[in-house]
$ cat target30.cif   # mmCIF, C-alpha atoms
data_start
#
loop_
_atom_site.label_atom_id
_atom_site.label_comp_id
_atom_site.auth_asym_id
_atom_site.auth_seq_id
_atom_site.Cartn_x
_atom_site.Cartn_y
_atom_site.Cartn_z
CA MET A 745 14.58 24.87 6.98
CA ALA A 746 17.73 26.55 5.80
CA ALA A 747 20.92 24.51 5.67
CA GLU A 748 22.88 24.30 8.89
CA GLY A 749 25.75 26.76 9.14
CA LYS A 750 23.79 29.46 7.29
CA ASN A 751 21.19 30.07 9.98
CA PRO A 752 21.02 33.00 12.37
CA THR A 753 21.54 32.00 15.99
CA ALA A 754 20.24 32.83 19.45
CA THR A 755 22.65 33.02 22.38
CA LEU A 756 21.78 31.20 25.60
CA THR A 757 23.75 32.38 28.62
CA ASP A 758 23.93 30.73 32.04
CA ASN A 759 24.29 33.66 34.43
CA THR A 760 25.45 31.37 37.25
CA THR A 761 28.53 30.10 35.38
CA GLY A 762 29.00 32.62 32.59
CA ASP A 763 28.84 29.85 29.97
CA SER A 764 26.99 30.59 26.74
CA TRP A 765 25.84 28.55 23.75
CA GLU A 766 24.74 29.40 20.21
CA LEU A 767 21.44 27.85 19.13
CA PRO A 768 20.37 27.85 15.45
CA ILE A 769 17.24 29.76 14.47
CA PHE A 770 15.11 28.30 11.67
CA GLU A 771 12.47 30.01 9.56
CA GLY A 772 9.42 28.37 8.03
CA THR A 773 7.72 29.59 4.88
CA THR A 774 5.47 31.64 7.19
CA GLY A 775 4.78 31.91 10.92
CA PRO A 776 7.07 32.33 13.93
CA ARG A 777 10.75 31.41 13.75
CA VAL A 778 11.94 28.52 15.91
CA ILE A 779 15.04 27.99 18.04
CA ASP A 780 16.61 24.57 17.48
CA VAL A 781 17.19 22.97 20.89
CA ARG A 782 17.79 19.40 19.72
CA LYS A 783 21.44 19.47 20.89
CA LEU A 784 20.74 21.50 24.00
CA TYR A 785 21.06 18.63 26.50
CA ALA A 786 24.18 17.23 24.86
CA GLU A 787 25.88 20.63 24.94
CA THR A 788 24.55 22.11 28.20
CA GLY A 789 23.25 19.23 30.31
CA MET A 790 19.89 21.07 30.52
CA PHE A 791 16.39 20.55 29.08
CA THR A 792 13.78 23.13 28.19
CA PHE A 793 10.68 23.24 30.43
CA ASP A 794 7.41 23.73 28.54
CA PRO A 795 4.32 22.12 30.15
CA GLY A 796 1.73 21.50 27.46
CA PHE A 797 4.38 22.07 24.76
CA THR A 798 2.67 25.37 23.84
CA SER A 799 6.02 27.00 22.98
CA THR A 800 7.58 23.95 21.37
CA GLY A 801 7.64 22.98 17.70
CA SER A 802 7.44 19.19 17.71
CA CYS A 803 7.80 18.58 13.97
CA GLU A 804 8.13 20.04 10.51
CA SER A 805 4.89 19.99 8.52
CA LYS A 806 3.57 21.16 5.16
CA ILE A 807 -0.10 20.37 5.78
CA THR A 808 -1.90 23.04 7.81
CA TYR A 809 -1.04 26.59 8.87
CA ILE A 810 -2.88 28.68 11.48
CA ASP A 811 -2.40 32.35 12.35
CA GLY A 812 -4.72 32.83 15.29
CA ASP A 813 -4.16 36.58 15.57
CA ALA A 814 -5.10 37.19 11.94
CA GLY A 815 -7.87 34.56 11.87
CA VAL A 816 -6.19 32.48 9.15
CA LEU A 817 -6.48 28.73 8.57
CA MET A 818 -4.92 27.20 5.44
CA HIS A 819 -4.61 23.65 4.16
CA ARG A 820 -1.63 23.20 1.82
CA GLY A 821 -1.74 26.97 1.20
CA TYR A 822 -5.46 27.16 0.40
CA LYS A 823 -7.66 29.28 2.70
CA ILE A 824 -10.32 27.32 4.55
CA GLU A 825 -13.03 29.77 3.42
CA GLU A 826 -12.33 29.04 -0.26
CA LEU A 827 -12.21 25.29 0.28
CA ALA A 828 -15.48 25.28 2.22
CA GLU A 829 -17.24 27.44 -0.35
CA GLN A 830 -15.93 25.87 -3.56
CA SER A 831 -14.66 22.38 -2.76
CA ASN A 832 -16.08 19.25 -1.17
CA PHE A 833 -14.83 17.04 1.64
CA LEU A 834 -13.29 14.27 -0.47
CA GLU A 835 -11.41 16.80 -2.58
CA VAL A 836 -10.05 18.33 0.65
CA CYS A 837 -9.10 14.82 1.77
CA TYR A 838 -7.10 14.34 -1.43
CA LEU A 839 -5.45 17.74 -0.94
CA LEU A 840 -4.42 16.97 2.64
CA LEU A 841 -3.05 13.55 1.69
CA HIS A 842 -1.25 14.46 -1.54
CA GLY A 843 -0.45 18.16 -1.24
CA GLU A 844 -2.21 19.26 -4.42
CA LEU A 845 -5.77 19.57 -5.67
CA PRO A 846 -6.66 16.55 -7.85
CA SER A 847 -7.23 16.51 -11.59
CA PRO A 848 -10.67 15.24 -12.69
CA LYS A 849 -9.20 11.79 -13.37
CA GLN A 850 -7.39 11.69 -10.01
CA MET A 851 -10.56 12.80 -8.24
CA LYS A 852 -12.68 10.11 -9.85
CA THR A 853 -10.14 7.42 -8.96
CA PHE A 854 -9.94 8.64 -5.38
CA GLU A 855 -13.73 8.87 -4.98
CA THR A 856 -14.11 5.34 -6.35
CA SER A 857 -11.51 3.98 -3.93
CA ILE A 858 -13.20 5.62 -0.93
CA THR A 859 -16.67 4.54 -2.05
CA TYR A 860 -15.68 0.90 -2.42
CA HIS A 861 -13.98 0.80 1.00
CA THR A 862 -17.04 1.93 2.99
CA MET A 863 -18.25 -1.57 3.91
CA LEU A 864 -17.13 -3.12 7.20
CA HIS A 865 -16.10 -6.73 7.57
CA GLU A 866 -19.33 -8.49 8.55
CA GLN A 867 -17.75 -10.11 11.59
CA MET A 868 -17.19 -6.66 13.07
CA MET A 869 -20.93 -6.53 13.83
CA TYR A 870 -20.15 -8.75 16.82
CA PHE A 871 -17.97 -5.99 18.25
CA PHE A 872 -20.95 -3.65 18.38
CA ARG A 873 -23.09 -6.29 20.11
CA GLY A 874 -20.44 -6.59 22.82
CA PHE A 875 -21.12 -3.02 24.02
CA ARG A 876 -23.94 -2.09 26.35
CA ARG A 877 -26.86 -0.39 24.63
CA ASP A 878 -26.25 2.77 26.66
CA SER A 879 -22.56 2.97 25.74
CA HIS A 880 -21.32 6.38 24.65
CA PRO A 881 -20.84 6.37 20.85
CA MET A 882 -17.26 7.60 21.30
CA ALA A 883 -16.47 4.53 23.42
CA ILE A 884 -17.81 2.34 20.62
CA MET A 885 -15.92 4.23 17.94
CA CYS A 886 -12.65 4.09 19.86
CA GLY A 887 -12.95 0.34 20.34
CA VAL A 888 -14.10 -0.54 16.83
CA VAL A 889 -11.45 1.59 15.09
CA GLY A 890 -8.74 -0.03 17.20
CA ALA A 891 -10.14 -3.43 16.19
CA LEU A 892 -9.73 -2.68 12.47
CA SER A 893 -6.12 -3.84 12.69
CA ALA A 894 -7.41 -7.31 13.60
CA PHE A 895 -9.35 -7.52 10.33
CA TYR A 896 -7.19 -5.71 7.76
CA HIS A 897 -3.75 -7.27 8.12
CA ASP A 898 -2.84 -6.29 4.58
CA SER A 899 -2.57 -2.59 5.48
CA THR A 900 -0.63 -2.53 8.75
CA ASP A 901 2.96 -2.58 7.46
CA ILE A 902 3.90 1.06 7.87
CA ARG A 903 7.11 0.59 5.81
CA ASP A 904 5.13 -0.29 2.67
CA PRO A 905 3.85 2.84 0.81
CA HIS A 906 1.04 0.88 -0.84
CA GLN A 907 -0.19 -0.50 2.48
CA ARG A 908 -0.06 3.00 3.98
CA MET A 909 -2.22 4.26 1.12
CA VAL A 910 -4.74 1.44 1.55
CA ALA A 911 -4.92 2.14 5.29
CA GLN A 912 -5.52 5.85 4.59
CA HIS A 913 -8.40 5.10 2.25
CA ARG A 914 -9.92 2.48 4.54
CA LEU A 915 -9.94 4.79 7.54
CA ILE A 916 -11.49 7.70 5.64
CA ALA A 917 -14.06 5.41 4.01
CA LYS A 918 -15.07 3.31 7.01
CA MET A 919 -15.29 6.04 9.62
CA PRO A 920 -18.77 7.23 8.52
CA THR A 921 -19.98 3.62 8.56
CA ILE A 922 -18.60 3.08 12.06
CA ALA A 923 -20.02 6.41 13.29
CA ALA A 924 -23.49 5.68 11.86
CA MET A 925 -23.48 2.16 13.30
CA ALA A 926 -22.45 3.49 16.72
CA TYR A 927 -25.49 5.77 16.61
CA LYS A 928 -27.85 3.07 15.37
CA TYR A 929 -26.66 0.69 18.08
CA SER A 930 -27.20 3.29 20.81
CA VAL A 931 -30.84 3.89 19.76
CA GLY A 932 -31.66 0.23 19.10
CA GLN A 933 -32.21 0.55 15.35
CA PRO A 934 -30.91 -1.87 12.69
CA PHE A 935 -27.69 -1.00 10.89
CA VAL A 936 -28.06 0.58 7.45
CA TYR A 937 -25.37 -0.41 4.98
CA PRO A 938 -23.52 2.13 2.80
CA ARG A 939 -24.69 2.88 -0.72
CA ASN A 940 -22.31 3.42 -3.63
CA ASP A 941 -24.67 5.82 -5.46
CA LEU A 942 -24.45 8.48 -2.74
CA ASN A 943 -21.64 10.92 -2.06
CA TYR A 944 -19.68 10.96 1.21
CA ALA A 945 -21.96 13.25 3.25
CA GLU A 946 -25.17 11.86 1.73
CA ASN A 947 -24.08 8.32 2.49
CA PHE A 948 -23.37 9.16 6.12
CA LEU A 949 -26.74 10.86 6.63
CA HIS A 950 -28.50 7.93 4.94
CA MET A 951 -26.74 5.35 7.13
CA THR A 952 -27.54 7.42 10.23
CA PHE A 953 -31.19 8.32 9.71
CA ALA A 954 -32.67 5.82 7.23
CA VAL A 955 -34.71 2.86 8.47
CA PRO A 956 -35.64 -0.29 6.50
CA ALA A 957 -39.38 0.40 6.81
CA GLU A 958 -39.43 3.43 4.50
CA GLU A 959 -37.43 5.36 1.95
CA TYR A 960 -35.17 8.13 3.24
CA ARG A 961 -34.49 11.11 0.99
CA VAL A 962 -31.26 12.93 1.71
CA SER A 963 -31.78 16.70 1.70
CA PRO A 964 -29.20 18.50 -0.49
CA THR A 965 -29.17 21.38 2.02
CA LEU A 966 -28.41 19.08 4.93
CA ALA A 967 -25.85 17.10 2.93
CA ARG A 968 -24.04 20.32 1.95
CA ALA A 969 -24.03 21.54 5.56
CA MET A 970 -22.70 18.16 6.71
CA ASP A 971 -20.00 18.27 4.04
CA ARG A 972 -18.97 21.74 5.20
CA ILE A 973 -18.76 20.61 8.81
CA PHE A 974 -16.46 17.80 7.67
CA ILE A 975 -14.27 20.23 5.69
CA LEU A 976 -14.03 22.72 8.55
CA HIS A 977 -12.94 20.03 11.01
CA ALA A 978 -10.61 18.10 8.68
CA ASP A 979 -7.33 19.28 10.24
CA HIS A 980 -6.16 21.91 12.71
CA GLU A 981 -2.37 21.63 12.93
CA GLN A 982 -0.62 20.15 16.00
CA ASN A 983 -3.50 19.98 18.49
CA ALA A 984 -3.82 17.44 21.31
CA SER A 985 -5.34 14.59 19.27
CA THR A 986 -3.06 15.12 16.27
CA SER A 987 -0.02 15.15 18.54
CA THR A 988 -1.35 11.97 20.15
CA VAL A 989 -1.54 10.29 16.74
CA ARG A 990 2.01 11.40 15.92
CA ILE A 991 3.37 10.26 19.29
CA ALA A 992 1.66 6.87 18.98
CA GLY A 993 2.88 6.55 15.41
CA SER A 994 6.46 7.44 16.35
CA SER A 995 6.72 4.07 18.09
CA GLY A 996 5.87 2.24 14.87
CA ALA A 997 2.29 1.39 15.90
CA ASN A 998 -0.09 0.45 13.08
CA PRO A 999 -2.29 3.24 11.65
CA PHE A 1000 -5.56 1.88 13.06
CA ALA A 1001 -4.14 1.89 16.59
CA CYS A 1002 -2.80 5.43 16.08
CA ILE A 1003 -6.18 6.78 14.94
CA ALA A 1004 -7.90 5.03 17.85
CA ALA A 1005 -5.46 6.88 20.13
CA GLY A 1006 -6.42 10.15 18.43
CA ILE A 1007 -10.11 9.41 19.01
CA ALA A 1008 -9.43 8.77 22.70
CA SER A 1009 -7.64 12.13 22.98
CA LEU A 1010 -10.40 13.96 21.10
CA TRP A 1011 -12.98 12.57 23.51
CA GLY A 1012 -11.65 14.84 26.27
CA PRO A 1013 -14.05 17.72 26.99
CA ALA A 1014 -11.23 20.27 26.72
CA HIS A 1015 -10.65 19.25 23.10
CA GLY A 1016 -13.51 17.71 21.14
CA GLY A 1017 -16.51 18.44 23.32
CA ALA A 1018 -16.88 22.16 22.65
CA ASN A 1019 -19.99 22.01 20.45
CA GLU A 1020 -21.64 19.65 22.92
CA ALA A 1021 -20.82 22.18 25.65
CA VAL A 1022 -22.63 24.85 23.60
CA LEU A 1023 -25.88 22.87 23.72
CA ASN A 1024 -25.44 22.18 27.44
CA MET A 1025 -24.95 25.90 28.03
CA LEU A 1026 -28.09 26.76 26.06
CA MET A 1027 -30.06 24.28 28.16
CA GLU A 1028 -28.63 25.91 31.29
CA ILE A 1029 -29.76 29.35 30.12
CA GLY A 1030 -33.14 27.87 29.27
CA HIS A 1031 -35.02 30.92 27.94
CA LYS A 1032 -34.33 34.08 25.97
CA ASP A 1033 -35.43 36.23 28.89
CA LYS A 1034 -32.46 34.93 30.90
CA ILE A 1035 -29.80 35.89 28.32
CA PRO A 1036 -28.96 39.29 29.93
CA GLU A 1037 -28.46 37.55 33.28
CA PHE A 1038 -26.05 34.99 31.82
CA LEU A 1039 -24.18 37.61 29.78
CA LYS A 1040 -23.64 39.53 33.01
CA ARG A 1041 -22.31 36.35 34.64
CA ALA A 1042 -19.99 35.74 31.67
CA LYS A 1043 -18.42 39.17 32.21
CA ASP A 1044 -17.86 38.52 35.93
CA LYS A 1045 -14.35 37.14 36.45
CA ASP A 1046 -15.39 35.68 39.81
CA ASP A 1047 -18.26 33.69 38.29
CA PRO A 1048 -17.30 30.22 36.95
CA PHE A 1049 -19.91 30.46 34.17
CA ARG A 1050 -18.40 30.66 30.67
CA LEU A 1051 -20.13 31.54 27.43
CA MET A 1052 -19.38 28.42 25.39
CA GLY A 1053 -19.03 28.75 21.61
CA PHE A 1054 -17.71 32.30 21.74
CA GLY A 1055 -14.05 33.17 21.23
CA HIS A 1056 -11.31 30.59 20.64
CA ARG A 1057 -8.03 29.83 22.39
CA VAL A 1058 -6.23 29.83 19.02
CA TYR A 1059 -8.14 32.47 17.06
CA LYS A 1060 -7.82 35.85 18.75
CA ASN A 1061 -9.94 37.37 15.99
CA TYR A 1062 -12.94 35.86 14.22
CA ASP A 1063 -12.80 32.10 13.69
CA PRO A 1064 -12.52 31.80 9.87
CA ARG A 1065 -14.51 28.56 9.94
CA ALA A 1066 -17.43 30.25 11.69
CA LYS A 1067 -17.94 32.70 8.81
CA VAL A 1068 -18.65 29.82 6.44
CA LEU A 1069 -20.75 27.74 8.81
CA ARG A 1070 -22.98 30.65 9.91
CA GLN A 1071 -24.80 30.67 6.58
CA SER A 1072 -25.15 26.89 6.61
CA ALA A 1073 -26.73 27.12 10.05
CA TYR A 1074 -29.37 29.53 8.75
CA ASP A 1075 -29.97 27.38 5.66
CA VAL A 1076 -30.50 24.26 7.77
CA LEU A 1077 -32.83 26.02 10.19
CA GLU A 1078 -34.90 27.32 7.29
CA GLU A 1079 -34.97 23.92 5.55
CA LEU A 1080 -36.13 22.08 8.67
CA GLY A 1081 -38.34 24.80 10.09
CA ALA A 1082 -36.27 24.43 13.22
CA GLN A 1083 -36.65 28.09 14.19
CA ASP A 1084 -39.61 26.88 16.22
CA ASP A 1085 -37.27 24.84 18.44
CA PRO A 1086 -36.95 26.90 21.66
CA LEU A 1087 -33.30 25.92 22.12
CA LEU A 1088 -32.31 26.94 18.59
CA ASP A 1089 -34.37 30.11 18.85
CA LEU A 1090 -32.46 30.87 22.04
CA ALA A 1091 -29.14 30.28 20.23
CA MET A 1092 -30.01 32.75 17.47
CA GLU A 1093 -31.05 35.37 20.01
CA LEU A 1094 -27.85 34.85 21.98
CA GLU A 1095 -25.79 35.25 18.80
CA LYS A 1096 -27.55 38.51 17.94
CA ILE A 1097 -27.13 40.04 21.41
CA ALA A 1098 -23.50 38.95 21.82
CA LEU A 1099 -22.52 40.38 18.42
CA GLU A 1100 -23.94 43.76 19.46
CA ASP A 1101 -22.62 43.79 23.03
CA ASP A 1102 -19.70 46.20 23.50
CA TYR A 1103 -17.90 43.86 25.91
CA PHE A 1104 -17.90 40.88 23.56
CA VAL A 1105 -17.06 43.01 20.51
CA GLU A 1106 -14.13 44.65 22.34
CA LYS A 1107 -12.85 41.28 23.59
CA LYS A 1108 -13.41 39.76 20.12
CA LEU A 1109 -15.55 37.01 21.62
CA PHE A 1110 -17.31 36.19 18.37
CA PRO A 1111 -19.27 32.96 17.75
CA ASN A 1112 -16.87 30.19 16.73
CA VAL A 1113 -17.24 27.07 14.61
CA ASP A 1114 -18.45 25.04 17.60
CA PHE A 1115 -21.36 27.42 18.16
CA TYR A 1116 -22.71 26.99 14.63
CA SER A 1117 -21.88 23.29 14.25
CA GLY A 1118 -23.72 22.60 17.51
CA ILE A 1119 -26.79 24.40 16.21
CA ILE A 1120 -26.68 22.56 12.87
CA LEU A 1121 -26.25 19.12 14.41
CA LYS A 1122 -29.02 19.73 16.93
CA ALA A 1123 -31.36 20.85 14.14
CA MET A 1124 -30.52 17.75 12.08
CA GLY A 1125 -31.52 15.51 14.96
CA PHE A 1126 -28.15 14.33 16.27
CA PRO A 1127 -28.00 13.75 20.04
CA THR A 1128 -25.20 15.62 21.77
CA SER A 1129 -23.41 12.32 22.44
CA MET A 1130 -22.78 12.09 18.67
CA PHE A 1131 -21.20 15.53 18.29
CA THR A 1132 -17.65 14.43 19.14
CA VAL A 1133 -18.11 11.30 17.00
CA LEU A 1134 -18.74 13.54 13.98
CA PHE A 1135 -15.69 15.59 14.90
CA ALA A 1136 -13.60 12.39 14.91
CA LEU A 1137 -15.09 11.31 11.59
CA ALA A 1138 -14.03 14.57 9.95
CA ARG A 1139 -10.65 14.81 11.68
CA THR A 1140 -9.62 11.29 10.61
CA VAL A 1141 -8.23 12.58 7.32
CA GLY A 1142 -6.10 15.16 9.16
CA TRP A 1143 -4.80 12.50 11.53
CA VAL A 1144 -4.02 10.18 8.63
CA ALA A 1145 -2.25 12.92 6.66
CA GLN A 1146 -0.19 13.95 9.69
CA TRP A 1147 0.64 10.31 10.50
CA THR A 1148 1.78 9.70 6.93
CA GLU A 1149 3.92 12.85 6.90
CA MET A 1150 5.58 11.71 10.14
CA ILE A 1151 6.25 8.18 8.84
CA GLU A 1152 7.83 9.57 5.66
CA ASP A 1153 9.99 12.11 7.53
CA PRO A 1154 13.62 10.87 7.37
CA HIS A 1155 14.39 12.74 10.62
CA GLN A 1156 11.50 11.14 12.53
CA ARG A 1157 12.37 9.70 15.95
CA ILE A 1158 10.29 8.14 18.68
CA SER A 1159 8.73 10.84 20.84
CA ARG A 1160 10.27 10.97 24.29
CA PRO A 1161 9.52 14.16 26.28
CA ARG A 1162 11.71 14.85 29.30
CA GLN A 1163 10.77 16.13 32.77
CA LEU A 1164 11.74 18.42 35.61
CA TYR A 1165 11.95 15.93 38.49
CA GLN A 1166 10.73 17.25 41.85
CA GLY A 1167 10.50 14.00 43.83
CA TYR A 1168 12.55 12.40 46.60
CA THR A 1169 16.16 11.40 45.99
CA GLY A 1170 18.23 8.62 47.54
CA ARG A 1171 15.89 7.36 50.28
CA PRO A 1172 16.95 4.11 52.01
CA TYR A 1173 14.46 1.23 51.95
CA VAL A 1174 12.81 0.58 55.32
CA PRO A 1175 11.76 -3.05 55.98
CA MET A 1176 8.06 -3.67 56.67
CA LYS A 1177 8.51 -4.55 60.34
CA GLU A 1178 10.35 -1.27 61.02
CA ARG A 1179 7.74 1.07 59.49
#
$ encode --input "target30.cif" --output "structure tokens"
Amino acid sequence: MAAEGKNPTATLTDNTTGDSWELPIFEGTTGPRVIDVRKLYAETGMFTFDPGFTSTGSCESKITYIDGDAGVLMHRGYKIEELAEQSNFLEVCYLLLHGELPSPKQMKTFETSITYHTMLHEQMMYFFRGFRRDSHPMAIMCGVVGALSAFYHDSTDIRDPHQRMVAQHRLIAKMPTIAAMAYKYSVGQPFVYPRNDLNYAENFLHMTFAVPAEEYRVSPTLARAMDRIFILHADHEQNASTSTVRIAGSSGANPFACIAAGIASLWGPAHGGANEAVLNMLMEIGHKDKIPEFLKRAKDKDDPFRLMGFGHRVYKNYDPRAKVLRQSAYDVLEELGAQDDPLLDLAMELEKIALEDDYFVEKKLFPNVDFYSGIILKAMGFPTSMFTVLFALARTVGWVAQWTEMIEDPHQRISRPRQLYQGYTGRPYVPMKER
């Protein structure tokens, strides 16, 4: 932001009294300008009213930038397409945390630190056994991540930079282990421990799908697709779960509790359940012959049916993440021979028809990242209950980076939104016997 006193201003005028106030206007390095209303209440006695905070900038950040109209997503200035094509997930993690791409030496040190933090404290196994076998994996993940603070006391002091760094690495490293164990527990299979000779995505797939009775070979194609899914979900600016992490962290809560709060927020179907909704929609359609019928319903404003996985509330053009993941979806389907799966065959036919339909082209309702990630995860053998778990696994690095940025911000204050009160005022208490 520019220094105060040198900024342009916006004039706010109260037409009922004739009073007016000058509010500073700040400019970021790119994106919309913002009106500074921090002193608004002190100077005017009024608050702004913005349900959902969709027109409110809640913080300064240097991590992620989105231009939904232009279809742009950048991490630290690097386009998501370039990162997904040329980088890998751990390198993107380093970039989000430190602001720069690592040197070879820095990368090796970082990879080693993550690799040797993947094990869970053995006593945490008892936490898993405390859940019912049919528990949703997100419920397990939320509980176990919150419990990390009970086991790793040496990384909960948020004022200590070293402890913050250790907490960052632990969360990124242990999340795949927790996610894989949540899956194993839900299907009644024994836990598979992490291996230090595998990379991040390979290790996760091994822990998820290997069994002690036989050797499991990790497919390079599947590992690359998994890595791309992690990259494409690593951070997405100030969304609901990220804001939840920041709000929880503003109180001084430990990082494990803050990330558990983010997981709880992500679990909501309006946020993290979009790719699961894609599979549910495909099952509702049921057969390729019914696609025209459902496309007609999708165009009918009076019909509650929605074509899930097409269009995006942020991206008004093509979702830049979908461009990258589309090829991975085709690679995975070819590798696994999954084209014979009726549901995946239906998805490919739906994609083809929607991309050629004048209505969807005109409305720019293109397939988004959730459409392709849902297809990939289904082909790999993940149940839909695991889809949001994988989202949380990938998004952990974004949450951690945003949490760290907030903690290190000298202007950071505890979050305390205000309200427009519409309730009763000044009612006298009526004793029980008189009611």
$ atom_distance --input "target30.cif" --atom1 "atom CA of Tyr860 of chain A" --atom2 "atom CA of Asp901 of chain A"
21.4 Å
$ closest_residue --input "target30.cif" --among "A:Ala754, A:Met868, A:Val936, A:Ala883" --to "Val781 of chain A" --atoms "all atoms listed in the file"
A:Ala754
$ residues_near_point --input "target30.cif" --point "(8.9, 30.3, 3.2)" --cutoff "12 Å" --atoms "all atoms listed in the file" --output "JSON, numbers by chain"
{"A": [745, 746, 770, 771, 772, 773, 774, 775, 776, 777, 806, 821]}
$ atom_distance --input "target30.cif" --atom1 "atom CA of Tyr838 of chain A" --atom2 "atom CA of Pro964 of chain A"
22.5 Å
$ resolve_selection --input "target30.cif" --expression "the PyMOL selection byres ((chain A and resi 969) around 8)" --output "ChimeraX atom specification"
/A:965-968,970-973,1069,1072-1073,1076,1120
$ resolve_selection --input "target30.cif" --expression "the PyMOL selection byres ((chain A and resi 1032-1048) around 9)" --output "list in words"
Ile1029, Gly1030, His1031, Phe1049, Arg1050, Leu1051, Pro1086, Asp1089, Leu1090, Ala1091, Glu1093, Leu1094, Ile1097, Ala1098, Tyr1103 and Phe1104 of chain A
$ residues_around --input "target30.cif" --residues "Phe895 of chain A" --least-positions-apart "6" --cutoff "12 Å" --atoms "all atoms listed in the file" --output "list in words"
Leu864, His865, Glu866, Gln867, Met868, Phe871, Val888, Val889, Ala911, Arg914 and Phe1000 of chain A
$ write_last_selection --input "target30.cif" --atoms "C-alpha atoms" --output "mmCIF file, in the frame of the given file"
data_model
loop_
_atom_site.group_PDB
_atom_site.id
_atom_site.type_symbol
_atom_site.label_atom_id
_atom_site.label_comp_id
_atom_site.auth_asym_id
_atom_site.auth_seq_id
_atom_site.Cartn_x
_atom_site.Cartn_y
_atom_site.Cartn_z
ATOM 1 C CA LEU A 864 -17.130 -3.120 7.200
ATOM 2 C CA HIS A 865 -16.100 -6.730 7.570
ATOM 3 C CA GLU A 866 -19.330 -8.490 8.550
ATOM 4 C CA GLN A 867 -17.750 -10.110 11.590
ATOM 5 C CA MET A 868 -17.190 -6.660 13.070
ATOM 6 C CA PHE A 871 -17.970 -5.990 18.250
ATOM 7 C CA VAL A 888 -14.100 -0.540 16.830
ATOM 8 C CA VAL A 889 -11.450 1.590 15.090
ATOM 9 C CA ALA A 911 -4.920 2.140 5.290
ATOM 10 C CA ARG A 914 -9.920 2.480 4.540
ATOM 11 C CA PHE A 1000 -5.560 1.880 13.060
#
$ atom_distance --input "target30.cif" --atom1 "atom CA of Phe1135 of chain A" --atom2 "atom CA of Met1025 of chain A"
19.1 Å
